[in-house]
file data10.csv (CSV, C-alpha atoms)
chain,number,residue,atom,x,y,z
A,1,MET,CA,-76.0,-100.0,10.2
A,2,LYS,CA,-72.2,-100.5,10.1
A,3,VAL,CA,-69.9,-100.9,7.2
A,4,ILE,CA,-66.2,-101.8,6.9
A,5,LEU,CA,-64.9,-99.6,4.0
A,6,HIS,CA,-61.9,-101.0,2.3
A,7,CYS,CA,-60.0,-98.3,0.5
A,8,PRO,CA,-57.4,-99.4,-2.0
A,9,ILE,CA,-54.1,-97.6,-1.5
A,10,ASP,CA,-53.1,-97.8,-5.1
A,11,ALA,CA,-54.3,-99.5,-8.2
A,12,PRO,CA,-52.2,-101.0,-11.0
A,13,GLY,CA,-54.3,-99.4,-13.7
A,14,VAL,CA,-53.9,-95.8,-12.4
A,15,PRO,CA,-50.5,-95.6,-10.5
A,16,ALA,CA,-50.1,-91.9,-11.0
A,17,LEU,CA,-53.3,-91.1,-9.2
A,18,SER,CA,-51.7,-92.1,-5.9
A,19,ARG,CA,-48.5,-90.2,-6.4
A,20,ARG,CA,-49.7,-87.1,-4.6
A,21,THR,CA,-52.4,-88.3,-2.3
A,22,PRO,CA,-53.9,-91.6,-1.2
A,23,LEU,CA,-55.9,-93.0,-4.1
A,24,VAL,CA,-59.3,-92.5,-2.6
A,25,LEU,CA,-58.6,-88.8,-2.0
A,26,ALA,CA,-57.9,-88.2,-5.7
A,27,PRO,CA,-60.1,-85.4,-7.1
A,28,PHE,CA,-63.4,-86.5,-8.4
A,29,LEU,CA,-66.1,-84.1,-9.5
A,30,GLY,CA,-65.8,-81.4,-6.8
A,31,SER,CA,-64.7,-83.6,-4.1
A,32,THR,CA,-62.9,-87.0,-3.6
A,33,VAL,CA,-64.0,-90.5,-4.3
A,34,LEU,CA,-64.0,-91.2,-0.6
A,35,SER,CA,-66.2,-88.2,0.1
A,36,HIS,CA,-68.7,-89.3,-2.5
A,37,ALA,CA,-68.7,-92.8,-1.2
A,38,LEU,CA,-69.4,-91.6,2.4
A,39,THR,CA,-72.3,-89.5,1.0
A,40,GLY,CA,-73.7,-92.7,-0.6
A,41,LEU,CA,-73.3,-94.8,2.5
A,42,ALA,CA,-74.9,-92.1,4.7
A,43,GLY,CA,-77.8,-92.0,2.2
A,44,GLU,CA,-78.3,-95.8,2.7
A,45,GLY,CA,-78.7,-95.3,6.4
A,46,VAL,CA,-75.2,-96.3,7.4
A,47,LYS,CA,-74.2,-94.8,10.8
A,48,GLN,CA,-70.8,-96.2,11.5
A,49,VAL,CA,-67.8,-96.8,9.2
A,50,ARG,CA,-64.6,-98.6,9.9
A,51,LEU,CA,-62.1,-97.4,7.3
A,52,GLN,CA,-59.3,-99.7,6.2
A,53,ALA,CA,-56.6,-98.2,4.0
A,54,GLY,CA,-53.4,-100.0,5.2
A,55,ASP,CA,-50.6,-97.5,6.1
A,56,LYS,CA,-52.6,-94.6,4.7
A,57,THR,CA,-55.5,-95.0,7.2
A,58,ALA,CA,-54.2,-92.4,9.6
A,59,GLU,CA,-53.5,-89.9,6.8
A,60,ILE,CA,-57.0,-90.3,5.4
A,61,LEU,CA,-58.6,-90.0,8.8
A,62,ARG,CA,-56.7,-86.7,9.3
A,63,VAL,CA,-58.2,-85.4,6.1
A,64,ILE,CA,-61.8,-86.5,6.5
A,65,GLY,CA,-62.1,-86.2,10.3
A,66,LYS,CA,-64.5,-88.3,12.3
A,67,GLY,CA,-67.4,-88.2,9.9
A,68,ASP,CA,-69.5,-85.2,11.2
A,69,LEU,CA,-69.8,-83.9,7.7
A,70,TRP,CA,-71.8,-86.9,6.6
A,71,GLY,CA,-73.5,-87.6,9.9
A,72,LEU,CA,-71.3,-90.7,10.3
A,73,LYS,CA,-69.1,-92.1,13.0
A,74,ILE,CA,-65.8,-93.0,11.3
A,75,SER,CA,-63.0,-94.9,12.8
A,76,GLY,CA,-60.0,-96.7,11.2
A,77,GLY,CA,-57.4,-99.4,11.5
A,78,LEU,CA,-56.5,-102.8,10.4
A,79,ALA,CA,-57.0,-104.4,13.8
A,80,HIS,CA,-60.2,-106.4,14.2
A,81,ASP,CA,-62.8,-104.4,15.9
A,82,PRO,CA,-65.4,-106.7,17.6
A,83,GLU,CA,-67.9,-103.8,17.2
A,84,PHE,CA,-67.9,-104.5,13.5
A,85,SER,CA,-68.3,-108.3,13.6
A,86,GLY,CA,-70.7,-109.2,10.8
A,87,ALA,CA,-70.7,-105.8,9.3
A,88,ARG,CA,-70.9,-105.5,5.5
A,89,THR,CA,-67.7,-104.9,3.7
A,90,VAL,CA,-67.6,-102.4,0.9
A,91,SER,CA,-64.6,-102.1,-1.4
A,92,LEU,CA,-64.0,-98.7,-2.9
A,93,ASP,CA,-63.4,-100.0,-6.4
A,94,SER,CA,-66.6,-98.3,-7.3
A,95,LEU,CA,-68.9,-95.9,-5.5
A,96,PRO,CA,-71.4,-97.8,-3.3
A,97,GLN,CA,-74.3,-95.9,-4.8
A,98,TRP,CA,-73.1,-96.8,-8.4
A,99,PRO,CA,-71.5,-100.2,-8.1
A,100,ASP,CA,-71.5,-100.8,-11.8
A,101,ILE,CA,-69.2,-97.9,-12.6
A,102,ALA,CA,-65.6,-99.0,-12.2
A,103,LEU,CA,-63.2,-96.4,-11.0
A,104,TRP,CA,-59.6,-97.6,-11.1
A,105,THR,CA,-59.3,-100.0,-14.0
A,106,SER,CA,-57.4,-97.5,-16.2
A,107,TYR,CA,-57.1,-93.8,-16.7
A,108,PRO,CA,-59.8,-93.7,-19.4
A,109,THR,CA,-62.1,-95.7,-17.1
A,110,TRP,CA,-61.5,-93.2,-14.3
A,111,PHE,CA,-62.2,-90.3,-16.7
A,112,LYS,CA,-65.3,-92.0,-18.2
A,113,ALA,CA,-66.7,-92.6,-14.6
A,114,GLN,CA,-66.6,-88.8,-14.1
A,115,LEU,CA,-68.3,-88.1,-17.4
A,116,THR,CA,-70.9,-90.7,-16.6
A,117,LEU,CA,-71.6,-89.3,-13.1
A,118,MET,CA,-71.2,-85.6,-14.0
A,119,GLU,CA,-74.8,-84.7,-14.4
A,120,ARG,CA,-76.0,-86.8,-11.4
A,121,LEU,CA,-73.5,-85.2,-9.0
A,122,ALA,CA,-74.0,-81.7,-10.5
A,123,ARG,CA,-77.7,-81.9,-9.6
A,124,MET,CA,-76.8,-82.9,-6.0
A,125,ARG,CA,-74.2,-80.1,-5.5
A,126,VAL,CA,-75.4,-77.0,-3.8
A,127,GLY,CA,-75.2,-73.9,-6.0
A,128,MET,CA,-74.2,-75.7,-9.2
A,129,ARG,CA,-76.3,-74.7,-12.1
A,130,GLU,CA,-76.5,-75.8,-15.7
A,131,GLN,CA,-75.5,-72.7,-17.6
A,132,ARG,CA,-76.2,-74.3,-21.0
A,133,ALA,CA,-76.8,-77.8,-22.2
A,134,GLY,CA,-74.4,-80.1,-20.3
A,135,VAL,CA,-72.3,-77.3,-18.9
A,136,PHE,CA,-72.4,-77.3,-15.1
A,137,VAL,CA,-71.0,-74.3,-13.3
A,138,GLY,CA,-70.3,-73.8,-9.6
A,139,LEU,CA,-70.5,-70.9,-7.2
A,140,ARG,CA,-68.3,-67.8,-7.5
A,141,THR,CA,-67.0,-68.9,-10.9
A,142,ARG,CA,-66.3,-66.2,-13.5
A,143,VAL,CA,-66.2,-66.9,-17.2
A,144,ALA,CA,-65.1,-64.3,-19.7
A,145,ALA,CA,-67.9,-63.3,-22.2
A,146,ASP,CA,-66.0,-64.7,-25.2
A,147,ALA,CA,-64.9,-67.9,-23.6
A,148,GLN,CA,-66.4,-71.0,-25.3
A,149,LEU,CA,-68.0,-73.6,-23.1
A,150,VAL,CA,-69.0,-76.9,-24.7
A,151,GLY,CA,-70.8,-79.7,-22.8
A,152,PRO,CA,-70.4,-82.1,-21.2
A,153,ALA,CA,-68.4,-79.9,-18.8
A,154,TRP,CA,-68.1,-79.6,-15.1
A,155,ILE,CA,-66.7,-76.2,-13.9
A,156,GLY,CA,-66.4,-76.2,-10.1
A,157,ASP,CA,-66.6,-73.4,-7.5
A,158,ASN,CA,-64.3,-70.3,-7.6
A,159,VAL,CA,-62.9,-71.0,-11.1
A,160,PHE,CA,-61.8,-68.3,-13.5
A,161,ILE,CA,-61.9,-68.8,-17.2
A,162,GLY,CA,-60.3,-66.1,-19.3
A,163,ALA,CA,-61.0,-64.4,-22.6
A,164,GLY,CA,-61.0,-66.7,-25.6
A,165,ALA,CA,-60.5,-69.8,-23.6
A,166,ILE,CA,-62.1,-73.0,-25.0
A,167,VAL,CA,-63.4,-75.5,-22.4
A,168,GLY,CA,-65.0,-78.7,-23.5
A,169,PRO,CA,-66.4,-81.0,-24.5
A,170,GLU,CA,-65.7,-83.7,-21.9
A,171,VAL,CA,-64.0,-81.6,-19.3
A,172,VAL,CA,-63.8,-81.4,-15.6
A,173,ILE,CA,-62.3,-78.2,-14.1
A,174,GLU,CA,-62.1,-78.6,-10.3
A,175,ASP,CA,-62.5,-75.9,-7.7
A,176,ASP,CA,-60.2,-72.9,-7.4
A,177,SER,CA,-58.6,-73.3,-10.8
A,178,TYR,CA,-57.6,-70.5,-13.2
A,179,LEU,CA,-57.5,-70.9,-16.9
A,180,ASP,CA,-55.8,-67.9,-18.4
A,181,ASP,CA,-56.8,-66.2,-21.7
A,182,GLY,CA,-56.8,-68.4,-24.7
A,183,ALA,CA,-56.2,-71.7,-22.8
A,184,GLU,CA,-57.8,-74.7,-24.4
A,185,VAL,CA,-59.0,-77.7,-22.4
A,186,VAL,CA,-60.6,-80.6,-24.2
A,187,GLY,CA,-61.2,-84.2,-23.0
A,188,SER,CA,-59.3,-83.4,-19.8
A,189,ILE,CA,-59.4,-82.9,-16.1
A,190,VAL,CA,-57.9,-79.8,-14.4
A,191,GLY,CA,-57.3,-80.7,-10.7
A,192,PRO,CA,-58.2,-78.4,-7.9
A,193,GLY,CA,-56.2,-75.2,-7.4
A,194,THR,CA,-54.4,-75.5,-10.8
A,195,TYR,CA,-53.3,-72.6,-13.0
A,196,ALA,CA,-53.2,-73.2,-16.8
A,197,GLY,CA,-51.4,-70.3,-18.6
A,198,SER,CA,-52.4,-68.3,-21.6
A,199,PHE,CA,-52.7,-70.5,-24.7
A,200,THR,CA,-51.9,-73.6,-22.9
A,201,GLU,CA,-53.5,-76.6,-24.5
A,202,LEU,CA,-54.7,-79.7,-22.5
A,203,LYS,CA,-56.1,-82.6,-24.4
A,204,ARG,CA,-56.7,-86.1,-23.0
A,205,SER,CA,-54.8,-85.1,-19.9
A,206,PHE,CA,-55.1,-84.7,-16.2
A,207,ALA,CA,-53.3,-81.5,-15.0
A,208,TRP,CA,-53.0,-81.1,-11.2
A,209,GLY,CA,-50.6,-78.3,-10.2
A,210,ARG,CA,-47.4,-78.9,-12.0
A,211,GLU,CA,-48.1,-82.5,-12.8
A,212,LEU,CA,-49.4,-83.4,-16.2
A,213,LEU,CA,-50.7,-87.0,-16.7
A,214,SER,CA,-51.6,-88.3,-20.2
A,215,LEU,CA,-54.9,-90.1,-19.9
A,216,GLU,CA,-54.0,-92.1,-23.0
A,217,THR,CA,-50.4,-93.3,-22.2
A,218,GLY,CA,-50.2,-92.8,-18.4
A,219,SER,CA,-47.1,-90.8,-18.9
A,220,VAL,CA,-46.5,-88.2,-16.1
A,221,THR,CA,-44.6,-84.9,-16.7
A,222,GLU,CA,-43.7,-82.3,-14.1
A,223,VAL,CA,-43.9,-79.0,-15.9
A,224,GLN,CA,-41.2,-76.6,-14.7
A,225,ASP,CA,-42.6,-73.4,-16.1
A,226,ARG,CA,-45.2,-71.9,-13.9
A,227,PHE,CA,-46.6,-69.7,-16.7
A,228,LEU,CA,-47.6,-72.9,-18.4
A,229,LEU,CA,-49.0,-74.9,-15.6
A,230,GLY,CA,-48.7,-74.8,-11.8
A,231,GLU,CA,-50.3,-74.5,-8.4
A,232,ALA,CA,-52.8,-71.6,-8.4
A,233,LYS,CA,-51.8,-70.9,-4.8
A,234,ALA,CA,-48.0,-71.4,-5.0
A,235,PRO,CA,-45.8,-68.9,-3.1
A,236,GLY,CA,-45.2,-65.7,-5.0
A,237,PHE,CA,-48.1,-66.5,-7.4
A,238,SER,CA,-51.2,-64.6,-6.9
A,239,ILE,CA,-54.5,-65.4,-8.5
A,240,SER,CA,-56.1,-62.2,-7.2
A,241,ARG,CA,-53.3,-60.2,-8.9
A,242,LEU,CA,-53.9,-62.1,-12.1
A,243,TRP,CA,-57.6,-61.4,-11.8
A,244,LYS,CA,-57.0,-57.7,-11.2
A,245,ARG,CA,-54.7,-57.5,-14.2
A,246,TRP,CA,-57.4,-59.2,-16.3
A,247,GLN,CA,-60.0,-56.8,-15.1
A,248,LYS,CA,-57.8,-53.8,-15.9
A,249,LYS,CA,-56.9,-55.1,-19.3
A,250,ASN,CA,-60.5,-55.8,-20.2
A,251,SER,CA,-61.9,-52.5,-18.9
A,252,THR,CA,-59.4,-50.5,-21.0
A,253,SER,CA,-59.6,-52.5,-24.3
B,1,MET,CA,-25.0,-82.2,-28.8
B,2,LYS,CA,-23.2,-83.7,-31.8
B,3,PRO,CA,-24.6,-82.6,-35.1
B,4,GLN,CA,-24.3,-85.2,-37.9
B,5,ARG,CA,-24.7,-84.1,-41.4
B,6,THR,CA,-25.7,-85.3,-44.8
B,7,GLU,CA,-25.6,-82.8,-47.6
B,8,SER,CA,-28.8,-81.0,-46.7
B,9,VAL,CA,-29.9,-82.5,-43.4
B,10,MET,CA,-28.3,-81.8,-40.0
B,11,LEU,CA,-29.2,-84.4,-37.4
B,12,VAL,CA,-28.9,-83.1,-33.8
B,13,GLN,CA,-29.0,-85.5,-30.8
B,14,VAL,CA,-30.7,-83.4,-28.2
B,15,PRO,CA,-29.3,-84.0,-24.7
B,16,PRO,CA,-31.3,-85.8,-21.9
B,17,GLU,CA,-32.2,-82.4,-20.4
B,18,LEU,CA,-32.6,-79.2,-22.4
B,19,ASN,CA,-33.1,-76.3,-20.0
B,20,ALA,CA,-31.8,-72.9,-18.9
B,21,THR,CA,-28.3,-74.3,-18.1
B,22,ASN,CA,-27.6,-75.5,-21.6
B,23,ALA,CA,-30.1,-74.0,-24.0
B,24,VAL,CA,-28.0,-71.1,-25.2
B,25,THR,CA,-24.9,-73.3,-25.8
B,26,PHE,CA,-27.1,-75.7,-27.6
B,27,ARG,CA,-28.7,-73.1,-29.8
B,28,GLU,CA,-25.4,-71.3,-30.6
B,29,GLY,CA,-23.7,-74.7,-31.3
B,30,ILE,CA,-26.3,-75.5,-33.9
B,31,ARG,CA,-26.2,-72.1,-35.5
B,32,ALA,CA,-22.4,-72.3,-35.8
B,33,ALA,CA,-22.6,-75.7,-37.4
B,34,LEU,CA,-25.2,-74.7,-40.1
B,35,THR,CA,-23.8,-74.5,-43.6
B,36,THR,CA,-25.2,-72.9,-46.7
B,37,THR,CA,-26.4,-76.3,-47.9
B,38,THR,CA,-28.4,-77.2,-44.8
B,39,THR,CA,-32.1,-77.1,-45.5
B,40,THR,CA,-33.4,-79.3,-42.7
B,41,VAL,CA,-32.5,-79.6,-39.0
B,42,ASP,CA,-33.7,-82.8,-37.4
B,43,PHE,CA,-33.8,-82.8,-33.6
B,44,ASP,CA,-33.6,-86.3,-32.3
B,45,LEU,CA,-35.5,-86.1,-29.0
B,46,SER,CA,-35.5,-89.9,-28.3
B,47,LYS,CA,-33.1,-89.6,-25.4
B,48,THR,CA,-34.5,-86.4,-24.0
B,49,ARG,CA,-36.5,-86.7,-20.8
B,50,PHE,CA,-37.0,-83.1,-20.0
B,51,VAL,CA,-37.4,-79.8,-21.8
B,52,ASP,CA,-38.3,-76.5,-20.2
B,53,SER,CA,-39.2,-73.1,-21.7
B,54,SER,CA,-35.6,-72.2,-22.3
B,55,GLY,CA,-35.1,-75.4,-24.2
B,56,LEU,CA,-38.2,-74.8,-26.2
B,57,GLY,CA,-36.9,-71.3,-26.9
B,58,ALA,CA,-33.8,-72.8,-28.3
B,59,LEU,CA,-35.8,-75.1,-30.6
B,60,ILE,CA,-38.0,-72.1,-31.7
B,61,ALA,CA,-34.9,-70.0,-32.4
B,62,ILE,CA,-33.4,-72.6,-34.7
B,63,HIS,CA,-36.9,-73.0,-36.3
B,64,LYS,CA,-36.9,-69.2,-37.1
B,65,THR,CA,-33.3,-69.4,-38.3
B,66,MET,CA,-34.2,-72.2,-40.7
B,67,LEU,CA,-37.4,-70.4,-41.9
B,68,ASN,CA,-35.2,-67.4,-42.8
B,69,ARG,CA,-33.1,-69.7,-44.9
B,70,SER,CA,-36.2,-71.3,-46.5
B,71,GLY,CA,-35.5,-74.5,-44.6
B,72,HIS,CA,-37.3,-76.3,-41.8
B,73,VAL,CA,-37.0,-78.2,-38.6
B,74,ARG,CA,-38.3,-81.6,-37.7
B,75,VAL,CA,-38.7,-83.2,-34.3
B,76,LEU,CA,-37.9,-86.9,-34.2
B,77,ASN,CA,-39.2,-89.5,-31.8
B,78,PRO,CA,-40.0,-87.4,-28.7
B,79,GLY,CA,-40.8,-89.5,-25.7
B,80,PRO,CA,-44.2,-89.2,-23.9
B,81,SER,CA,-43.0,-86.5,-21.5
B,82,VAL,CA,-41.5,-84.3,-24.1
B,83,LEU,CA,-44.4,-84.8,-26.4
B,84,GLN,CA,-46.8,-83.7,-23.6
B,85,ILE,CA,-44.8,-80.5,-23.3
B,86,LEU,CA,-44.9,-79.9,-27.0
B,87,GLU,CA,-48.7,-80.4,-27.0
B,88,VAL,CA,-49.3,-78.2,-23.9
B,89,THR,CA,-47.4,-75.4,-25.6
B,90,ARG,CA,-49.0,-76.2,-29.0
B,91,LEU,CA,-45.5,-76.5,-30.5
B,92,ASN,CA,-46.5,-79.8,-32.0
B,93,ARG,CA,-48.4,-77.6,-34.5
B,94,LEU,CA,-45.3,-75.6,-35.3
B,95,PHE,CA,-42.8,-78.4,-35.7
B,96,GLU,CA,-43.2,-81.4,-37.9
B,97,VAL,CA,-43.2,-84.3,-35.4
B,98,VAL,CA,-41.9,-87.6,-36.8
B,99,HIS,CA,-42.2,-90.9,-35.1
B,100,SER,CA,-40.2,-93.8,-36.6
call {"tool": "encode", "arguments": {"input": "data10.csv", "output": "structure tokens"}}
result
Amino acid sequence: MKVILHCPIDAPGVPALSRRTPLVLAPFLGSTVLSHALTGLAGEGVKQVRLQAGDKTAEILRVIGKGDLWGLKISGGLAHDPEFSGARTVSLDSLPQWPDIALWTSYPTWFKAQLTLMERLARMRVGMREQRAGVFVGLRTRVAADAQLVGPAWIGDNVFIGAGAIVGPEVVIEDDSYLDDGAEVVGSIVGPGTYAGSFTELKRSFAWGRELLSLETGSVTEVQDRFLLGEAKAPGFSISRLWKRWQKKNSTS
Amino acid sequence: MKPQRTESVMLVQVPPELNATNAVTFREGIRAALTTTTTTVDFDLSKTRFVDSSGLGALIAIHKTMLNRSGHVRVLNPGPSVLQILEVTRLNRLFEVVHS
């Protein structure tokens, strides 16, 4: 079975999501929208995918490769490929496996889609466990004993949540992120590899590296102070050093 | 920064950017302009696009100065970006934020 997969380059309802990456590669519950879509298509028995994403096609193909991860053969380009004559066209305005859940209408819609699919995708993710009702935690994630986790919450792989932090309800913490002691995240998404400093408060926001997007107003701010918000793997910034410091502090107190 | 004054309220127009390059001058300029009758400092942030930790430090310093004088500070009309910074740092709880 063959599919032409149309990937929107941007969407008027969520312009900030395509600032940093092609829209379909925006973070979405442990992966990207495109990755989840390819998983769905493979599950339907699709074998070949022709990806169409305008001038972003080559960039996207560089990231996802030729499809081995999904058992698919993926090619791309706008030119007509006779091999795909009569193939079904799928538009990535929603995930093929959940066509009723719109993704890009607005920021609240995008956030709501993640909350709606959280439990379903958590149960499909290797190693993810439900630590308490509605709180899904990934592999190699460390949570301080006195941190408060309130579901629904997705906490990805290799995440650190410090002492006294408050996470949830309605939160997605993507992989490789670090919430320092006392940070509070409610109704928000923390993008992959993001550091949120001590006592930072995120509400109705999407924080990804230094970029902070308000899910309510669509306003985007670039935070200049790395101790507030930043890339967890930025030059001169060591998560392992933070972790060692935290261990030392908590073994002596 | 051009403070305007009524008898007890000093209105300060905060510059478009308040950061490490101008935060100290900003803070000291306000302190110098305070009089014994000033009970409130209003920071008009409507034209401010960007504040970093040095800028926030200046606002906090004036807040502390005013507390010591039994006065207070208000933040007027912060734009979405500045409001996000105030919320991330929880300073929206410290300052009275006024939208008009």
call {"tool": "interface_residues", "arguments": {"input": "data10.csv", "of": "chain B", "to": "chain A", "cutoff": "12 Å", "atoms": "only C-alpha atoms", "output": "list in words"}}
result
Leu18, Asn19, Ala20, Arg49, Phe50, Val51, Asp52, Ser53, Ser54, Gly55, Leu56, Gly79, Pro80, Ser81, Val82, Leu83, Gln84, Ile85, Leu86, Glu87, Val88, Thr89, Arg90, Leu91, Asn92 and Arg93 of chain B
call {"tool": "closest_residue", "arguments": {"input": "data10.csv", "among": "A:Lys233, A:Gly40, A:Glu216, A:Lys2", "to": "Ser85 of chain A", "atoms": "all atoms listed in the file"}}
result
A:Lys2
call {"tool": "residues_around", "arguments": {"input": "data10.csv", "residues": "Thr116 of chain A", "least_positions_apart": "5", "cutoff": "12 Å", "atoms": "all atoms listed in the file", "output": "PyMOL selection string"}}
result
chain A and resi 28-29+98+100-103+108-111+121-122+134+152-154+170-172
call {"tool": "atom_distance", "arguments": {"input": "data10.csv", "atom1": "atom CA of Pro192 of chain A", "atom2": "atom CA of Ile155 of chain A"}}
result
10.6 Å
call {"tool": "residues_near_point", "arguments": {"input": "data10.csv", "point": "(-51.2, -68.6, -8.0)", "cutoff": "12 Å", "atoms": "all atoms listed in the file", "output": "number ranges by chain"}}
result
A: 160, 176-180, 193-197, 209-210, 226-243
call {"tool": "atom_distance", "arguments": {"input": "data10.csv", "atom1": "atom CA of Lys73 of chain A", "atom2": "atom CA of Ile9 of chain A"}}
result
21.6 Å
call {"tool": "closest_residue", "arguments": {"input": "data10.csv", "among": "A:Arg140, A:Asp93, A:Arg62, A:Gly151", "to": "Thr105 of chain A", "atoms": "only C-alpha atoms"}}
result
A:Asp93
call {"tool": "atom_distance", "arguments": {"input": "data10.csv", "atom1": "atom CA of Thr21 of chain B", "atom2": "atom CA of Thr48 of chain B"}}
result
14.8 Å
call {"tool": "closest_residue", "arguments": {"input": "data10.csv", "among": "A:Leu38, A:Gly138, A:Gly86, A:Leu92", "to": "Asp68 of chain A", "atoms": "all atoms listed in the file"}}
result
A:Leu38
call {"tool": "closest_residue", "arguments": {"input": "data10.csv", "among": "B:Arg27, B:Leu45, B:Pro78, B:Leu11", "to": "Leu59 of chain B", "atoms": "all atoms listed in the file"}}
result
B:Arg27
call {"tool": "residues_around", "arguments": {"input": "data10.csv", "residues": "Thr65 of chain B", "least_positions_apart": "6", "cutoff": "10 Å", "atoms": "all atoms listed in the file", "output": "list in words"}}
result
Arg31, Leu34, Leu59, Gly71, His72 and Val73 of chain B
call {"tool": "write_last_selection", "arguments": {"input": "data10.csv", "atoms": "C-alpha atoms", "output": "tab-separated table (two decimals), in the coordinates of the input"}}
result
chain	number	residue	atom	x	y	z
B	31	ARG	CA	-26.20	-72.10	-35.50
B	34	LEU	CA	-25.20	-74.70	-40.10
B	59	LEU	CA	-35.80	-75.10	-30.60
B	71	GLY	CA	-35.50	-74.50	-44.60
B	72	HIS	CA	-37.30	-76.30	-41.80
B	73	VAL	CA	-37.00	-78.20	-38.60
call {"tool": "closest_residue", "arguments": {"input": "data10.csv", "among": "B:Phe43, B:Ile60, B:Thr35, B:Leu94", "to": "Val14 of chain B", "atoms": "all atoms listed in the file"}}
result
B:Phe43
call {"tool": "build_atoms", "arguments": {"input": "data10.csv", "residues": "segment 16-30 of chain B", "atoms": "N, CA and C atoms", "output": "short mmCIF file (atom, residue, chain, number, x, y, z; two decimals), in the coordinates of the input"}}
result
data_model
loop_
_atom_site.label_atom_id
_atom_site.label_comp_id
_atom_site.auth_asym_id
_atom_site.auth_seq_id
_atom_site.Cartn_x
_atom_site.Cartn_y
_atom_site.Cartn_z
N PRO B 16 -30.21 -85.28 -22.79
CA PRO B 16 -31.30 -85.80 -21.90
C PRO B 16 -32.12 -84.66 -21.28
N GLU B 17 -31.44 -83.56 -20.94
CA GLU B 17 -32.20 -82.40 -20.40
C GLU B 17 -31.79 -81.18 -21.21
N LEU B 18 -32.80 -80.43 -21.63
CA LEU B 18 -32.60 -79.20 -22.40
C LEU B 18 -33.27 -78.10 -21.58
N ASN B 19 -32.46 -77.30 -20.87
CA ASN B 19 -33.10 -76.30 -20.00
C ASN B 19 -32.22 -75.06 -19.92
N ALA B 20 -32.47 -74.22 -18.94
CA ALA B 20 -31.80 -72.90 -18.90
C ALA B 20 -30.28 -73.06 -18.77
N THR B 21 -29.80 -74.17 -18.27
CA THR B 21 -28.30 -74.30 -18.10
C THR B 21 -27.61 -74.60 -19.40
N ASN B 22 -28.29 -75.17 -20.38
CA ASN B 22 -27.60 -75.50 -21.60
C ASN B 22 -28.24 -75.06 -22.89
N ALA B 23 -29.35 -74.35 -22.77
CA ALA B 23 -30.10 -74.00 -24.00
C ALA B 23 -29.36 -73.05 -24.90
N VAL B 24 -28.67 -72.06 -24.32
CA VAL B 24 -28.00 -71.10 -25.20
C VAL B 24 -26.81 -71.74 -25.89
N THR B 25 -26.03 -72.55 -25.16
CA THR B 25 -24.90 -73.30 -25.80
C THR B 25 -25.41 -74.17 -26.90
N PHE B 26 -26.52 -74.84 -26.62
CA PHE B 26 -27.10 -75.70 -27.60
C PHE B 26 -27.50 -74.97 -28.87
N ARG B 27 -28.20 -73.86 -28.66
CA ARG B 27 -28.70 -73.10 -29.80
C ARG B 27 -27.49 -72.53 -30.63
N GLU B 28 -26.51 -71.94 -29.92
CA GLU B 28 -25.40 -71.30 -30.60
C GLU B 28 -24.53 -72.40 -31.32
N GLY B 29 -24.43 -73.57 -30.70
CA GLY B 29 -23.70 -74.70 -31.30
C GLY B 29 -24.27 -75.08 -32.63
N ILE B 30 -25.58 -75.12 -32.67
CA ILE B 30 -26.30 -75.50 -33.90
C ILE B 30 -26.10 -74.41 -34.97
#
